[in-house]
Amino acid sequence: MQSLKDKIVQEGKVLSKDVLKVDSFLNHQIDPQLMKEMGQEFARLFAEEGITKILTIESSGIAPSVMTALELNVPAVFARKRQSLTLTEDLLTAEVYSFTKQQSNRIAVARQFLSKKDRVLIMDDFLANGQAALGLLDIAEQAGVYVAGIGIVIEKAFQDGGRLLREKNVRVESLVRVQSLKNGQVIFAEEATV
Ligand code: 5GP
């Protein structure tokens with residue numbers, strides 16, 4: 001997705017050889033117009049899949065998921081990372097090791113929001129080592145839903161997540177694939193899908 005690549009080049013900050021900061025449009029401040037375009041792109045990519053629900057993880061997965069959900073006219077549900085007094089239902093949970101926070105979280109989704117009849121699109125902002133997506137896949141499996149695919153905004157192709165997920169024969173679509181972050185430069189993978 002060219003507009004996303006342009007935005008990354010203009011505003012992304014390479015924090016180290018494996019961390020890209022995009023706080024000005026995705027992870028802190030949100031660019032709604034760009035987010036809308038992302039939603040349209042994911043909706044186009046998964047148009048034939050009969051998606052009935054989007055499953056993501058708080059907090060940065062929510063914005064692109066809601067925009068995609070709006071395009072597909074389906075609900076979006078996000079896994080919670082923190083315990084909440086209001087989260088009292090029958091919960092589906094999975095353990096997820098966070099790449100950026102370097103700590104493990106038990107993520108939770110209320111069982112009532114996933115039905116066996118659902119055709120689910122899993123989404124997240126970044127794909128690094130795949131732990132967040134694998135945790136969401138685990139929850140989807142516990143719920144007995146069909147997983148139509150995984151939609152990722154920025155895949156860091158030099159980390160293991162993409163391979164791990166594709167080895168499971170899950171369809172993974174990334175709007176942008178980053179090949180490397182060496183020398184403070186963002187190099188995109190030539191084989192980026194869009
Ligand atoms: P994974 O679970 O695939 O190892 O890492 C994905 C999660 O870690 C995403 O939910 C994202 O929030 C965070 N993450 C991983 N790499 C980066 C990065 O380079 N930049 C930012 N901003 N977040 C990242």
# chains A, B, ... in the order shown; residues from 1 in each chain; ligands from 1
call {"tool": "residues_near_ligand", "arguments": {"ligand": "ligand 1", "cutoff": "9 Å", "atoms": "only C-alpha atoms and all ligand atoms", "output": "mmCIF file with N, CA and C atoms, in the first residue's frame"}}
result
data_model
loop_
_atom_site.group_PDB
_atom_site.id
_atom_site.type_symbol
_atom_site.label_atom_id
_atom_site.label_comp_id
_atom_site.auth_asym_id
_atom_site.auth_seq_id
_atom_site.Cartn_x
_atom_site.Cartn_y
_atom_site.Cartn_z
ATOM 1 N N VAL A 14 13.245 4.799 13.118
ATOM 2 C CA VAL A 14 13.884 3.509 13.365
ATOM 3 C C VAL A 14 14.582 3.596 14.720
ATOM 4 N N LEU A 15 14.048 2.874 15.702
ATOM 5 C CA LEU A 15 14.608 2.960 17.054
ATOM 6 C C LEU A 15 15.802 2.030 17.245
ATOM 7 N N SER A 16 15.800 0.933 16.524
ATOM 8 C CA SER A 16 16.922 -0.016 16.591
ATOM 9 C C SER A 16 16.821 -0.876 15.330
ATOM 10 N N ASP A 18 15.605 -3.604 14.972
ATOM 11 C CA ASP A 18 14.337 -4.347 14.845
ATOM 12 C C ASP A 18 13.099 -3.659 15.396
ATOM 13 N N VAL A 19 13.174 -2.391 15.714
ATOM 14 C CA VAL A 19 11.963 -1.691 16.187
ATOM 15 C C VAL A 19 11.716 -0.417 15.388
ATOM 16 N N LEU A 20 10.506 -0.315 14.867
ATOM 17 C CA LEU A 20 10.073 0.855 14.106
ATOM 18 C C LEU A 20 9.001 1.582 14.908
ATOM 19 N N LYS A 21 9.201 2.877 15.088
ATOM 20 C CA LYS A 21 8.220 3.660 15.843
ATOM 21 C C LYS A 21 7.333 4.425 14.870
ATOM 22 N N VAL A 22 6.034 4.222 14.987
ATOM 23 C CA VAL A 22 5.095 4.945 14.121
ATOM 24 C C VAL A 22 3.989 5.560 14.981
ATOM 25 N N ASP A 23 4.429 6.274 16.003
ATOM 26 C CA ASP A 23 3.501 6.864 16.970
ATOM 27 C C ASP A 23 2.665 8.007 16.402
ATOM 28 N N LEU A 26 -0.162 5.600 13.960
ATOM 29 C CA LEU A 26 -0.729 4.274 14.210
ATOM 30 C C LEU A 26 -0.753 3.883 15.688
ATOM 31 N N ASN A 27 0.328 4.173 16.421
ATOM 32 C CA ASN A 27 0.445 3.638 17.776
ATOM 33 C C ASN A 27 0.153 4.618 18.906
ATOM 34 N N ILE A 57 -6.303 -7.307 19.088
ATOM 35 C CA ILE A 57 -5.796 -7.209 20.445
ATOM 36 C C ILE A 57 -5.599 -5.727 20.771
ATOM 37 N N GLU A 58 -5.928 -5.357 22.024
ATOM 38 C CA GLU A 58 -5.750 -3.944 22.376
ATOM 39 C C GLU A 58 -4.262 -3.613 22.478
ATOM 40 N N SER A 59 -3.848 -2.381 22.256
ATOM 41 C CA SER A 59 -4.712 -1.300 21.846
ATOM 42 C C SER A 59 -4.502 -0.914 20.368
ATOM 43 N N SER A 60 -3.319 -1.156 19.831
ATOM 44 C CA SER A 60 -3.062 -0.622 18.491
ATOM 45 C C SER A 60 -3.701 -1.413 17.358
ATOM 46 N N GLY A 61 -4.232 -2.583 17.667
ATOM 47 C CA GLY A 61 -4.938 -3.327 16.625
ATOM 48 C C GLY A 61 -6.344 -2.785 16.399
ATOM 49 N N VAL A 96 0.504 -14.417 25.974
ATOM 50 C CA VAL A 96 1.193 -13.757 24.868
ATOM 51 C C VAL A 96 2.408 -13.007 25.390
ATOM 52 N N TYR A 97 3.556 -13.282 24.805
ATOM 53 C CA TYR A 97 4.766 -12.553 25.171
ATOM 54 C C TYR A 97 4.874 -11.329 24.275
ATOM 55 N N SER A 98 4.925 -10.151 24.892
ATOM 56 C CA SER A 98 4.949 -8.912 24.123
ATOM 57 C C SER A 98 6.371 -8.548 23.687
ATOM 58 N N PHE A 99 6.519 -8.361 22.371
ATOM 59 C CA PHE A 99 7.829 -8.020 21.799
ATOM 60 C C PHE A 99 8.296 -6.645 22.280
ATOM 61 N N THR A 100 7.382 -5.672 22.307
ATOM 62 C CA THR A 100 7.796 -4.312 22.661
ATOM 63 C C THR A 100 7.889 -4.106 24.172
ATOM 64 N N LYS A 101 7.031 -4.802 24.927
ATOM 65 C CA LYS A 101 7.041 -4.580 26.386
ATOM 66 C C LYS A 101 7.911 -5.603 27.114
ATOM 67 N N ASP A 124 -3.770 -7.262 13.376
ATOM 68 C CA ASP A 124 -2.913 -6.548 14.321
ATOM 69 C C ASP A 124 -2.140 -5.454 13.578
ATOM 70 N N ASP A 125 -1.532 -4.567 14.353
ATOM 71 C CA ASP A 125 -0.797 -3.457 13.737
ATOM 72 C C ASP A 125 0.548 -3.917 13.174
ATOM 73 N N PHE A 126 1.312 -4.656 13.986
ATOM 74 C CA PHE A 126 2.636 -5.138 13.571
ATOM 75 C C PHE A 126 2.689 -6.656 13.647
ATOM 76 N N LEU A 127 3.511 -7.251 12.803
ATOM 77 C CA LEU A 127 3.854 -8.664 12.955
ATOM 78 C C LEU A 127 5.365 -8.736 13.140
ATOM 79 N N ALA A 128 5.782 -9.231 14.322
ATOM 80 C CA ALA A 128 7.214 -9.375 14.608
ATOM 81 C C ALA A 128 7.518 -10.867 14.733
ATOM 82 N N ASN A 129 7.435 -11.388 15.952
ATOM 83 C CA ASN A 129 7.675 -12.825 16.134
ATOM 84 C C ASN A 129 6.391 -13.652 16.142
ATOM 85 N N GLY A 130 5.277 -12.983 15.952
ATOM 86 C CA GLY A 130 4.012 -13.694 15.774
ATOM 87 C C GLY A 130 3.293 -14.085 17.055
ATOM 88 N N GLN A 131 3.811 -13.625 18.189
ATOM 89 C CA GLN A 131 3.216 -14.095 19.453
ATOM 90 C C GLN A 131 1.781 -13.606 19.651
ATOM 91 N N ALA A 132 1.524 -12.347 19.304
ATOM 92 C CA ALA A 132 0.168 -11.808 19.460
ATOM 93 C C ALA A 132 -0.791 -12.566 18.539
ATOM 94 N N ALA A 133 -0.395 -12.743 17.271
ATOM 95 C CA ALA A 133 -1.266 -13.445 16.318
ATOM 96 C C ALA A 133 -1.475 -14.901 16.736
ATOM 97 N N LEU A 134 -0.428 -15.537 17.241
ATOM 98 C CA LEU A 134 -0.573 -16.940 17.682
ATOM 99 C C LEU A 134 -1.517 -17.030 18.884
ATOM 100 N N GLY A 135 -1.451 -16.046 19.776
ATOM 101 C CA GLY A 135 -2.374 -16.008 20.920
ATOM 102 C C GLY A 135 -3.810 -15.843 20.456
ATOM 103 N N ILE A 154 1.792 -3.679 9.336
ATOM 104 C CA ILE A 154 3.230 -3.662 9.006
ATOM 105 C C ILE A 154 3.868 -4.978 9.445
ATOM 106 N N GLU A 155 4.316 -5.753 8.472
ATOM 107 C CA GLU A 155 5.018 -7.008 8.784
ATOM 108 C C GLU A 155 6.514 -6.754 8.716
ATOM 109 N N LYS A 156 7.228 -7.115 9.776
ATOM 110 C CA LYS A 156 8.693 -7.051 9.711
ATOM 111 C C LYS A 156 9.160 -8.429 9.247
ATOM 112 N N GLN A 159 11.757 -10.870 10.853
ATOM 113 C CA GLN A 159 11.497 -11.618 12.089
ATOM 114 C C GLN A 159 10.647 -12.841 11.760
ATOM 115 N N ASP A 160 10.440 -13.691 12.773
ATOM 116 C CA ASP A 160 9.946 -15.044 12.515
ATOM 117 C C ASP A 160 8.439 -15.215 12.324
ATOM 118 N N GLY A 161 7.665 -14.182 12.724
ATOM 119 C CA GLY A 161 6.208 -14.338 12.779
ATOM 120 C C GLY A 161 5.564 -14.781 11.475
ATOM 121 N N GLY A 162 5.936 -14.126 10.378
ATOM 122 C CA GLY A 162 5.322 -14.438 9.087
ATOM 123 C C GLY A 162 5.502 -15.901 8.718
#
call {"tool": "residues_around", "arguments": {"residues": "region 6-11 of chain A", "least_positions_apart": "2", "cutoff": "7 Å", "atoms": "only C-alpha atoms", "output": "VMD selection string"}}
result
chain A and resid 2 to 4 13 22 24
call {"tool": "select_by_dssp", "arguments": {"residues": "region 62-153 of chain A", "states": "strand (DSSP E or B)", "output": "compact mmCIF listing (two decimals) with N, CA and C atoms, in the first residue's frame"}}
result
# COMPACT_ATOMS: atom_id res chain seq x y z
N ALA A 76 -16.19 -5.85 15.42
CA ALA A 76 -14.77 -6.12 15.74
C ALA A 76 -14.69 -6.37 17.24
N VAL A 77 -13.99 -7.43 17.63
CA VAL A 77 -13.81 -7.70 19.06
C VAL A 77 -12.31 -7.67 19.36
N PHE A 78 -11.95 -7.04 20.47
CA PHE A 78 -10.52 -7.01 20.80
C PHE A 78 -10.24 -7.74 22.10
N ALA A 79 -9.15 -8.52 22.08
CA ALA A 79 -8.72 -9.22 23.29
C ALA A 79 -8.21 -8.17 24.26
N ARG A 80 -8.57 -8.36 25.54
CA ARG A 80 -8.11 -7.44 26.60
C ARG A 80 -6.81 -7.98 27.17
N LEU A 91 -14.45 -16.66 30.01
CA LEU A 91 -13.37 -16.09 29.20
C LEU A 91 -12.56 -17.15 28.47
N LEU A 92 -12.15 -16.80 27.24
CA LEU A 92 -11.17 -17.60 26.52
C LEU A 92 -9.85 -16.85 26.69
N THR A 93 -8.80 -17.54 27.09
CA THR A 93 -7.55 -16.82 27.37
C THR A 93 -6.36 -17.49 26.68
N ALA A 94 -5.31 -16.70 26.51
CA ALA A 94 -4.05 -17.22 25.95
C ALA A 94 -2.91 -16.38 26.51
N GLU A 95 -1.76 -16.99 26.59
CA GLU A 95 -0.57 -16.31 27.09
C GLU A 95 0.18 -15.70 25.90
N VAL A 96 0.50 -14.42 25.97
CA VAL A 96 1.19 -13.76 24.87
C VAL A 96 2.41 -13.01 25.39
N TYR A 97 3.56 -13.28 24.80
CA TYR A 97 4.77 -12.55 25.17
C TYR A 97 4.87 -11.33 24.28
N SER A 98 4.92 -10.15 24.89
CA SER A 98 4.95 -8.91 24.12
C SER A 98 6.37 -8.55 23.69
N GLN A 103 7.34 -8.54 28.16
CA GLN A 103 6.69 -9.21 29.29
C GLN A 103 5.53 -10.05 28.77
N SER A 104 5.13 -11.01 29.60
CA SER A 104 4.05 -11.90 29.20
C SER A 104 2.72 -11.39 29.74
N ASN A 105 1.69 -11.48 28.92
CA ASN A 105 0.34 -11.06 29.32
C ASN A 105 -0.62 -12.19 29.07
N ARG A 106 -1.60 -12.36 29.96
CA ARG A 106 -2.69 -13.28 29.65
C ARG A 106 -3.78 -12.45 28.98
N ILE A 107 -4.05 -12.74 27.71
CA ILE A 107 -5.08 -11.97 27.01
C ILE A 107 -6.41 -12.73 27.10
N ALA A 108 -7.49 -11.98 27.05
CA ALA A 108 -8.80 -12.61 27.28
C ALA A 108 -9.87 -12.04 26.35
N VAL A 109 -10.76 -12.93 25.90
CA VAL A 109 -11.93 -12.55 25.12
C VAL A 109 -13.13 -13.27 25.73
N ALA A 110 -14.21 -12.55 25.93
CA ALA A 110 -15.43 -13.19 26.45
C ALA A 110 -15.98 -14.16 25.40
N ARG A 119 -16.80 -16.61 10.90
CA ARG A 119 -15.65 -16.67 10.00
C ARG A 119 -14.82 -15.43 10.33
N VAL A 120 -13.68 -15.69 10.95
CA VAL A 120 -12.95 -14.62 11.63
C VAL A 120 -11.72 -14.15 10.83
N LEU A 121 -11.56 -12.83 10.80
CA LEU A 121 -10.31 -12.24 10.31
C LEU A 121 -9.57 -11.71 11.53
N ILE A 122 -8.37 -12.26 11.76
CA ILE A 122 -7.52 -11.81 12.87
C ILE A 122 -6.69 -10.64 12.36
N MET A 123 -6.56 -9.59 13.17
CA MET A 123 -5.78 -8.42 12.71
C MET A 123 -4.87 -7.89 13.81
N ASP A 124 -3.77 -7.26 13.38
CA ASP A 124 -2.91 -6.55 14.32
C ASP A 124 -2.14 -5.45 13.58
N ASP A 125 -1.53 -4.57 14.35
CA ASP A 125 -0.80 -3.46 13.74
C ASP A 125 0.55 -3.92 13.17
N PHE A 126 1.31 -4.66 13.99
CA PHE A 126 2.64 -5.14 13.57
C PHE A 126 2.69 -6.66 13.65
N LEU A 127 3.51 -7.25 12.80
CA LEU A 127 3.85 -8.66 12.96
C LEU A 127 5.37 -8.74 13.14
N TYR A 146 -13.96 -20.48 12.38
CA TYR A 146 -13.13 -20.65 11.20
C TYR A 146 -12.27 -19.39 11.04
N VAL A 147 -10.97 -19.55 10.91
CA VAL A 147 -10.09 -18.39 10.71
C VAL A 147 -9.82 -18.23 9.21
N ALA A 148 -10.34 -17.15 8.64
CA ALA A 148 -10.20 -16.92 7.20
C ALA A 148 -8.83 -16.35 6.86
N GLY A 149 -8.19 -15.73 7.83
CA GLY A 149 -6.88 -15.17 7.56
C GLY A 149 -6.45 -14.20 8.62
N ILE A 150 -5.24 -13.66 8.38
CA ILE A 150 -4.67 -12.69 9.31
C ILE A 150 -4.28 -11.45 8.51
N GLY A 151 -4.74 -10.30 8.95
CA GLY A 151 -4.42 -9.04 8.29
C GLY A 151 -3.50 -8.21 9.17
N ILE A 152 -2.37 -7.84 8.61
CA ILE A 152 -1.35 -7.12 9.37
C ILE A 152 -1.05 -5.79 8.68
N VAL A 153 -0.92 -4.73 9.44
CA VAL A 153 -0.59 -3.44 8.84
C VAL A 153 0.88 -3.43 8.40
call {"tool": "atom_distance", "arguments": {"atom1": "CA of Ala63 (chain A)", "atom2": "CA of Met35 (chain A)"}}
result
7.0 Å
call {"tool": "closest_residue", "arguments": {"among": "A:Gln142, A:Gln179, A:Ser115, A:Asn169", "to": "Ala157 (chain A)", "atoms": "only C-alpha atoms"}}
result
A:Gln179
call {"tool": "closest_residue", "arguments": {"among": "A:Phe42, A:Gln185, A:Thr88, A:Leu55", "to": "Leu72 (chain A)", "atoms": "only C-alpha atoms"}}
result
A:Phe42
call {"tool": "residues_around", "arguments": {"residues": "Ala47 (chain A)", "least_positions_apart": "6", "cutoff": "10 Å", "atoms": "only C-alpha atoms", "output": "number ranges by chain"}}
result
A: 40-41, 71-72
call {"tool": "write_last_selection", "arguments": {"atoms": "N, CA and C atoms", "output": "PDB file, in the first residue's frame"}}
result
ATOM      1  N   GLN A  40     -10.235  -0.152   3.868  1.00  0.00           N
ATOM      2  CA  GLN A  40     -10.730  -0.481   2.519  1.00  0.00           C
ATOM      3  C   GLN A  40      -9.858  -1.557   1.878  1.00  0.00           C
ATOM      4  N   GLU A  41      -8.551  -1.457   2.110  1.00  0.00           N
ATOM      5  CA  GLU A  41      -7.625  -2.426   1.513  1.00  0.00           C
ATOM      6  C   GLU A  41      -7.818  -3.823   2.116  1.00  0.00           C
ATOM      7  N   GLU A  71     -16.022  -1.338   6.875  1.00  0.00           N
ATOM      8  CA  GLU A  71     -16.109  -1.650   5.440  1.00  0.00           C
ATOM      9  C   GLU A  71     -16.845  -2.964   5.199  1.00  0.00           C
ATOM     10  N   LEU A  72     -16.596  -3.953   6.064  1.00  0.00           N
ATOM     11  CA  LEU A  72     -17.191  -5.284   5.864  1.00  0.00           C
ATOM     12  C   LEU A  72     -18.557  -5.400   6.548  1.00  0.00           C
TER      13      LEU A  72
END
call {"tool": "atom_distance", "arguments": {"atom1": "CA of Leu70 (chain A)", "atom2": "CA of Leu165 (chain A)"}}
result
25.8 Å
call {"tool": "select_by_dssp", "arguments": {"residues": "region 50-163 of chain A", "states": "helix (DSSP H, G or I)", "output": "JSON, numbers by chain"}}
result
{"A": [62, 63, 64, 65, 66, 67, 68, 69, 70, 71, 72, 111, 112, 113, 131, 132, 133, 134, 135, 136, 137, 138, 139, 140, 141, 142, 143, 161, 162, 163]}
call {"tool": "closest_residue", "arguments": {"among": "A:Glu49, A:Asp31, A:Gln102, A:Ala43", "to": "Arg171 (chain A)", "atoms": "only C-alpha atoms"}}
result
A:Glu49
